[in-house]
Amino acid sequence: MNVIVPLVLLAEDDEDVRALAELVLRREGFEVRAVSDGEAALAAAAERTPAVAVLDVSMPRMDGLETARRLRERAETRTVPIMLLTARVTEADRERGRQAGVDAQLDKPFSPAVLAERVRALLDDRPNRGSAP
């Protein structure tokens, strides 16, 4: 019996944060495609549709909000759940995320356990969404 392992697209420019998040998600049983900026995230999503996208807001070349907007524009990624990782925690920042089509936000610094829990919740809340084989 084949088990489908959900693919998490992780875009985070801070190497330490990216490595920690990737490690935690892999330990939780996810496949992870980790990249360092929004442009690389869009390229990775075009290669293989992720089950969930976790995007840092502040990244070089393309920030997480613009990346989220572009993921929402593509038919293949329009329904992929998106979570922002951010140190920007004002209500105006949260509203910008909602306008970009983001489903959830996790404030930095974050607990690795909470990251895994929130990714799993995004998957569980959307039973018809998932990674393409």
# chains A, B, ... in the order shown; residues from 1 in each chain; ligands from 1

$ select_by_dssp --residues "chain A" --states "helix (DSSP H, G or I)" --output "PyMOL selection string"
chain A and resi 15-27+38-47+64-73+91-99+112-125

$ residues_around --residues "stretch 113-116 of chain A" --least-positions-apart "3" --cutoff "12 Å" --atoms "only C-alpha atoms" --output "VMD selection string"
chain A and resid 8 10 17 to 18 20 to 30 32 52 54 to 55 83 to 85 104 to 110 119 to 123

$ closest_residue --among "A:Ala92, A:Ala41, A:Leu65, A:Val57" --to "A:Asp14" --atoms "only C-alpha atoms"
A:Val57

$ select_by_dssp --residues "stretch 80-132 of chain A" --states "strand (DSSP E)" --output "list in words"
Ile82, Met83, Leu84, Leu85, Thr86, Ala104, Gln105, Leu106 and Asp107 of chain A

$ closest_residue --among "A:Ala34, A:Met62, A:Val102, A:Val3" --to "A:Arg78" --atoms "only C-alpha atoms"
A:Val102

$ residues_around --residues "A:Thr67" --least-positions-apart "6" --cutoff "12 Å" --atoms "only C-alpha atoms" --output "VMD selection string"
chain A and resid 9 to 12 37 to 45 53 to 61 73 to 74 77 to 78 82 to 84 97 100 to 102

$ closest_residue --among "A:Val80, A:Arg118, A:Arg33, A:Arg70" --to "A:Ala51" --atoms "only C-alpha atoms"
A:Val80

$ atom_distance --atom1 "atom CA of A:Asp93" --atom2 "atom CA of A:Ala46"
27.2 Å

$ atom_distance --atom1 "atom CA of A:Asp124" --atom2 "atom CA of A:Asp103"
12.9 Å

$ atom_distance --atom1 "atom CA of A:Gly64" --atom2 "atom CA of A:Pro81"
13.5 Å
